[in-house]
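Asks: What follows is a structure written as structure tokens; I'll ask about it next.
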Amino acid sequence: MRSDPGERTSRPLLYFFIAALTIAVCVIQYLRGGPYFARAATVFSHPRKGQIDAADTIVLCQRVVKMLPRGASVTCVRPVEGVTRSEYSNFLIAAGMLPRQNVVPPEYAGLMTPPEQMCDYVIAIRDPLDHPRYKLVAEWPEGRLYHRQ
Amino acid sequence: MTLFLFLAAILLLTLEGLVICFVPLMQRIAIGGRLAVAFATGLVINALLLSFESVLRIPWSRSALLIPSILIAAAGIVAARRLSWTMERPSRDWIPAAVIMVIMIYGAATARLTCGDLILFWGPKAVRFATAGTIDVAYLGSGHYYLAHPDYPPLLPLTYAWGINAARTMSWFGAVVLTQFLLLASILVVGAFTRKPLYASLFAAVLGAGAAVAMIAGAADMLLVFFEIVAVCALTFEEEDRSSLIVAAVALLGAAMTKVEGASLSAIIVLAFAITRRRFLASAAMFIPPAAFLAVWVACMRRFQLFDSYNPSKPLRLDHLGIVFREMVRETSYRTFYLPWIAAIGPMFTGRNVRRAAFPLLVGIFVIGCTAWFYLHTDADPTFWVRTSATRVLLTSLAPFVVATAAANE
């Protein structure tokens, strides 16, 4: 190991900064909220304020993945007052959770979407979907799965 | 089990990377740093292998992946056997780094550090690539996924895809824990090159705090810091050894293959080295691998009409200068009253080796300037962009400042 006078004079300073930053790391993680000693349900269970809230999307996709046929077209969206809206985060996440399906944007399950363009399944996060062409298949606390009639 | 297989497969890429042990420089650095540099090299080799197979339309079957990998790993083991592997007794100065690593792994395992980009595009890309058994151009070019940045470079998705092939499924927790291993590898590199474990602990504290605030687990930012720190440390502390240029060139290639910013980071490191060391030919030679990769990648993206992020034609908006400056100043506080910056730069003033410190210092300063330059190239109000990315992107500035502090005190 190299050693020199400069290092000897800076050691207390270095230890001070290391200690202060270690405390900062602990406080930052504490402020993300509990539970602190339980296994997280998903990789996104402690989002920062203002970040996307994806935990329900991940859990729901993991639930439906075995129910969906290979190659089926599916979208994933959080409906607002029963209607799909243009959003990107949920269907982008679903694209990684449903590798054997064709995951499409929510526009493929809109009220104005021509029937021949509609996707086969809709994963509705939390709130129900109110669409005459989609029938409820299954329901969980995190949301619902609908199939096109 | 999935997590274990996923992580083990990726960490075993170190065996492939041992081919870097043919470089004389490797004999002079400590074992931890040696393994970390081999890991960096392994990640690059794996990404190149999977990319070549995609270009040659060879599906990623087990034989297509394992046969070349085993052959390269065998060459790596032969190279490694030439070196002495006797370990020194570890110093107590490593203890703070170990404590910070435990806290960071806890944070990753309880999902406190996860980056949204992991589940929005880095992870989905990897899953789709692994399912398709190639770099899935149909997925990237479908139009639905343009917000997933189709032309981002492939190293991270390819690394995850390699892990998925071993584990048979994506381990999302494996991805966030891998980021902590990349932090650990970076710490080992700093310790090995500076020969002062206390500076490795300082690096762990600074980057740990920055990463905890920025929430980068699973994204490509720590990977970029890792490649950067390998290149910067090799060129700062082993500049007299010509073989350090080879190690730096491999790391610069890795940086260019990791993120769009990796290309500018490679150019910055080369430019800073040329200015401070006046070794223009060596600097140019070092830039050949990342430049060659960029040329091929951009050509491929143009060929498949996926060219977007690298497009240089976006106009400079100097009227956004005030917003960019204000938001960068705000975000770089890391919500800790600028403590990471003060800790990274403050102890520099107790040292005197200005010549040694000049190169990493210049890299850190150039990164800040370059980041602001990028932010000034958007038509929309850059506030949101700066707020959602500055803490992550500027980790590549914090890291060389710690190296500069260690160099100044040499």
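Here, A, B, ... name the chains of the structure tokens in the order displayed, residue numbers run from 1 inside each chain, and ligands are numbered from 1 in the same displayed order.
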Using only C-alpha atoms, determine which residues of chain B fall within 7 Å of chain A; present them as an mmCIF file with N, CA, C and O atoms, in the first residue's frame.
Replies:
```cif
data_model
loop_
_atom_site.group_PDB
_atom_site.id
_atom_site.type_symbol
_atom_site.label_atom_id
_atom_site.label_comp_id
_atom_site.auth_asym_id
_atom_site.auth_seq_id
_atom_site.Cartn_x
_atom_site.Cartn_y
_atom_site.Cartn_z
ATOM 1 N N ILE B 100 -21.382 0.122 3.337
ATOM 2 C CA ILE B 100 -22.233 0.799 2.336
ATOM 3 C C ILE B 100 -22.792 -0.222 1.341
ATOM 4 O O ILE B 100 -23.963 -0.137 0.950
ATOM 5 N N GLY B 107 -31.209 -2.077 0.129
ATOM 6 C CA GLY B 107 -32.104 -1.168 -0.607
ATOM 7 C C GLY B 107 -32.600 -1.790 -1.901
ATOM 8 O O GLY B 107 -33.782 -1.679 -2.237
ATOM 9 N N THR B 110 -35.128 -4.670 -1.201
ATOM 10 C CA THR B 110 -36.450 -4.234 -0.737
ATOM 11 C C THR B 110 -37.078 -3.237 -1.717
ATOM 12 O O THR B 110 -38.023 -2.531 -1.368
ATOM 13 N N ALA B 111 -36.538 -3.204 -2.926
ATOM 14 C CA ALA B 111 -37.098 -2.401 -4.031
ATOM 15 C C ALA B 111 -37.112 -0.906 -3.737
ATOM 16 O O ALA B 111 -37.995 -0.191 -4.199
ATOM 17 N N ARG B 112 -36.136 -0.420 -2.963
ATOM 18 C CA ARG B 112 -36.089 1.003 -2.646
ATOM 19 C C ARG B 112 -35.263 1.801 -3.651
ATOM 20 O O ARG B 112 -35.202 3.021 -3.572
ATOM 21 N N THR B 114 -35.104 0.970 -7.189
ATOM 22 C CA THR B 114 -35.392 0.577 -8.570
ATOM 23 C C THR B 114 -35.663 1.778 -9.468
ATOM 24 O O THR B 114 -36.406 2.682 -9.104
ATOM 25 N N ILE B 119 -38.258 -1.250 -15.827
ATOM 26 C CA ILE B 119 -39.496 -1.927 -16.216
ATOM 27 C C ILE B 119 -40.137 -1.304 -17.453
ATOM 28 O O ILE B 119 -40.983 -1.923 -18.074
ATOM 29 N N LEU B 120 -39.701 -0.092 -17.818
ATOM 30 C CA LEU B 120 -40.286 0.548 -19.005
ATOM 31 C C LEU B 120 -39.586 0.132 -20.295
ATOM 32 O O LEU B 120 -40.225 -0.051 -21.315
ATOM 33 N N GLY B 123 -35.595 -3.673 -19.241
ATOM 34 C CA GLY B 123 -36.048 -5.049 -18.989
ATOM 35 C C GLY B 123 -36.880 -5.609 -20.133
ATOM 36 O O GLY B 123 -36.580 -6.698 -20.644
ATOM 37 N N PRO B 124 -37.949 -4.877 -20.574
ATOM 38 C CA PRO B 124 -38.731 -5.385 -21.704
ATOM 39 C C PRO B 124 -37.902 -5.688 -22.949
ATOM 40 O O PRO B 124 -38.119 -6.687 -23.630
ATOM 41 N N VAL B 127 -36.164 -8.988 -22.337
ATOM 42 C CA VAL B 127 -37.106 -10.111 -22.389
ATOM 43 C C VAL B 127 -37.473 -10.426 -23.836
ATOM 44 O O VAL B 127 -37.487 -11.596 -24.255
ATOM 45 N N ARG B 128 -37.748 -9.375 -24.605
ATOM 46 C CA ARG B 128 -38.131 -9.575 -26.007
ATOM 47 C C ARG B 128 -36.968 -10.127 -26.829
ATOM 48 O O ARG B 128 -37.154 -10.990 -27.683
ATOM 49 N N THR B 131 -36.540 -13.796 -25.875
ATOM 50 C CA THR B 131 -37.631 -14.613 -26.421
ATOM 51 C C THR B 131 -37.443 -14.830 -27.925
ATOM 52 O O THR B 131 -37.650 -15.928 -28.431
ATOM 53 N N HIS B 144 -45.080 0.918 -31.887
ATOM 54 C CA HIS B 144 -45.749 1.033 -30.584
ATOM 55 C C HIS B 144 -44.760 1.405 -29.477
ATOM 56 O O HIS B 144 -45.131 1.956 -28.463
ATOM 57 N N TRP B 172 -36.256 -9.847 -12.221
ATOM 58 C CA TRP B 172 -36.293 -8.382 -12.060
ATOM 59 C C TRP B 172 -35.490 -7.972 -10.837
ATOM 60 O O TRP B 172 -34.802 -6.959 -10.857
ATOM 61 N N PHE B 173 -35.569 -8.777 -9.784
ATOM 62 C CA PHE B 173 -34.744 -8.471 -8.609
ATOM 63 C C PHE B 173 -33.262 -8.734 -8.917
ATOM 64 O O PHE B 173 -32.389 -8.057 -8.389
ATOM 65 N N ARG B 195 -4.498 2.006 -4.925
ATOM 66 C CA ARG B 195 -3.772 1.310 -3.853
ATOM 67 C C ARG B 195 -4.093 1.918 -2.489
ATOM 68 O O ARG B 195 -3.318 1.793 -1.543
ATOM 69 N N LYS B 196 -5.207 2.625 -2.393
ATOM 70 C CA LYS B 196 -5.611 3.236 -1.121
ATOM 71 C C LYS B 196 -7.070 2.891 -0.865
ATOM 72 O O LYS B 196 -7.980 3.547 -1.402
ATOM 73 N N LEU B 202 -14.418 6.022 0.105
ATOM 74 C CA LEU B 202 -15.001 7.339 -0.213
ATOM 75 C C LEU B 202 -15.829 7.244 -1.492
ATOM 76 O O LEU B 202 -16.945 7.772 -1.571
ATOM 77 N N ALA B 205 -19.096 5.631 -0.739
ATOM 78 C CA ALA B 205 -20.020 6.522 -0.033
ATOM 79 C C ALA B 205 -20.622 7.555 -0.990
ATOM 80 O O ALA B 205 -21.830 7.787 -0.992
ATOM 81 N N VAL B 206 -19.769 8.159 -1.817
ATOM 82 C CA VAL B 206 -20.241 9.197 -2.745
ATOM 83 C C VAL B 206 -21.211 8.600 -3.769
ATOM 84 O O VAL B 206 -22.322 9.109 -3.966
ATOM 85 N N GLY B 208 -22.698 5.676 -3.627
ATOM 86 C CA GLY B 208 -23.831 5.051 -2.942
ATOM 87 C C GLY B 208 -24.911 6.083 -2.656
ATOM 88 O O GLY B 208 -26.097 5.857 -2.941
ATOM 89 N N ALA B 209 -24.507 7.230 -2.112
ATOM 90 C CA ALA B 209 -25.488 8.282 -1.816
ATOM 91 C C ALA B 209 -26.125 8.797 -3.106
ATOM 92 O O ALA B 209 -27.354 8.959 -3.191
ATOM 93 N N ALA B 212 -28.478 6.206 -4.464
ATOM 94 C CA ALA B 212 -29.680 6.040 -3.640
ATOM 95 C C ALA B 212 -30.684 7.153 -3.936
ATOM 96 O O ALA B 212 -31.890 6.911 -4.014
ATOM 97 N N VAL B 213 -30.190 8.370 -4.120
ATOM 98 C CA VAL B 213 -31.089 9.485 -4.440
ATOM 99 C C VAL B 213 -31.629 9.325 -5.868
ATOM 100 O O VAL B 213 -32.816 9.494 -6.126
ATOM 101 N N ALA B 343 -17.928 15.996 -0.686
ATOM 102 C CA ALA B 343 -17.082 14.864 -0.272
ATOM 103 C C ALA B 343 -16.154 14.419 -1.389
ATOM 104 O O ALA B 343 -15.025 13.977 -1.140
ATOM 105 N N PRO B 347 -11.704 16.848 -0.258
ATOM 106 C CA PRO B 347 -10.382 16.332 0.140
ATOM 107 C C PRO B 347 -9.294 16.500 -0.928
ATOM 108 O O PRO B 347 -8.117 16.271 -0.658
ATOM 109 N N THR B 350 -6.346 18.804 -0.017
ATOM 110 C CA THR B 350 -5.280 18.406 0.908
ATOM 111 C C THR B 350 -4.117 17.784 0.136
ATOM 112 O O THR B 350 -3.064 17.535 0.705
ATOM 113 N N GLY B 351 -4.305 17.531 -1.155
ATOM 114 C CA GLY B 351 -3.256 16.909 -1.965
ATOM 115 C C GLY B 351 -2.521 17.908 -2.830
ATOM 116 O O GLY B 351 -2.922 19.062 -2.950
ATOM 117 N N ASN B 409 -3.924 13.293 -3.973
ATOM 118 C CA ASN B 409 -3.323 12.926 -2.697
ATOM 119 C C ASN B 409 -2.276 11.824 -2.825
ATOM 120 O O ASN B 409 -1.821 11.289 -1.821
#
```
Asks: Going by DSSP on the backbone, which residues of segment 3-85 of chain A come out as strand (DSSP E or B)? List them as a list in words.
Replies: Ser73, Val74, Thr75, Cys76, Val77, Val80 and Val83 of chain A
Asks: Please compute the atom CA of Ala380 of chain B-atom CA of Tyr146 of chain B distance, one decimal, in Å.
Replies: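 These atoms are spaced 17.8 Å apart.
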Asks: Considering only C-alpha atoms, tabulate each residue of segment 284-345 of chain B that lies at most 12 Å from segment 353-364 of chain B along with its nearest interatomic pair and the corresponding distance in Å to one decimal; arrange the rows by chain and ascending residue number and present them as CSV.
Replies:
```
residue,atom,partner,partner_atom,distance
B:Trp341,CA,B:Gly364,CA,11.0
B:Ala344,CA,B:Leu361,CA,10.7
B:Ile345,CA,B:Leu361,CA,9.3
```
Asks: Output all heavy atoms of each residue in that selection to a file, as a CSV table (one decimal), in the first residue's frame.
Replies:
```
chain,number,residue,atom,x,y,z
B,341,TRP,N,-20.9,16.0,-3.7
B,341,TRP,CA,-19.9,16.9,-4.4
B,341,TRP,C,-18.9,17.3,-3.5
B,341,TRP,O,-17.7,17.3,-3.8
B,341,TRP,CB,-20.6,18.1,-5.1
B,341,TRP,CG,-21.6,17.7,-6.1
B,341,TRP,CD1,-23.0,17.6,-5.9
B,341,TRP,CD2,-21.4,17.3,-7.4
B,341,TRP,NE1,-23.6,17.2,-7.1
B,341,TRP,CE2,-22.7,17.0,-8.0
B,341,TRP,CE3,-20.3,17.1,-8.2
B,341,TRP,CZ2,-22.8,16.6,-9.4
B,341,TRP,CZ3,-20.4,16.7,-9.5
B,341,TRP,CH2,-21.6,16.4,-10.1
B,344,ALA,N,-16.6,14.5,-2.6
B,344,ALA,CA,-15.8,14.1,-3.8
B,344,ALA,C,-14.7,15.1,-4.0
B,344,ALA,O,-13.6,14.7,-4.4
B,344,ALA,CB,-16.7,13.9,-5.0
B,345,ILE,N,-15.0,16.4,-3.9
B,345,ILE,CA,-14.0,17.4,-4.3
B,345,ILE,C,-13.2,17.9,-3.1
B,345,ILE,O,-12.0,18.2,-3.2
B,345,ILE,CB,-14.7,18.5,-5.1
B,345,ILE,CG1,-15.4,18.0,-6.3
B,345,ILE,CG2,-13.7,19.6,-5.4
B,345,ILE,CD1,-16.4,18.9,-7.0
```
Asks: From the options B:Val55, B:Met222, B:Val250, B:Ala36, which residue's atoms come nearest to Val137 of chain B, counting only C-alpha atoms?
Replies: B:Val55
Asks: Could you name the residues that touch segment 281-295 of chain B at 6 Å or less, counting only C-alpha atoms, but leaving out those on the same chain fewer than 5 positions away, as number ranges by chain?
Replies: B: 249, 253, 256, 270, 274
Asks: Please provide the set of residues having any atom within 10 Å of Pro132 of chain A, restricted to only C-alpha atoms, with same-chain residues fewer than 4 positions apart removed, written as a list in words.
Replies: Leu111, Arg148 and Gln149 of chain A
Asks: Give me, as an NGL selection string, all polymer residues having an atom no more than 8 Å from Thr169 of chain B, counting only C-alpha atoms and skipping those fewer than 2 positions away in the same chain.
Replies: :B and (2 or 127 or 164-165 or 167 or 171)
Asks: Would you work out the distance separating atom CA of Val177 of chain B from atom CA of Pro150 of chain B, expressed in Å to one decimal?
Replies: 24.9 Å
Asks: Could you give me, as a ChimeraX atom specification, each residue of chain A that DSSP assigns to helix (DSSP H, G or I) when run on this structure's backbone?
Replies: /A:5-30,55-64,89-97,106-109,115-117
Asks: Could you list, as a PyMOL selection string, every residue within 9 Å of segment 304-313 of chain B, counting only C-alpha atoms and ignoring same-chain residues fewer than 5 positions away?
Replies: chain B and resi 137+140-141+146+149-152+260+298-299
Asks: Using only C-alpha atoms, which protein or nucleic acid residues come within 8 Å of Val122 of chain A? Drop anything in the same chain fewer than 3 positions from it, and give the result as a PyMOL selection string.
Replies: chain A and resi 74-77+109+119+134+145-147
Asks: Work out how far atom CA of Cys61 of chain A is from atom CA of Ala108 of chain B, in Å to one decimal.
Replies: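 Computing the Euclidean distance for atom CA of Ala108 of chain B and atom CA of Cys61 of chain A yields 21.6 Å.
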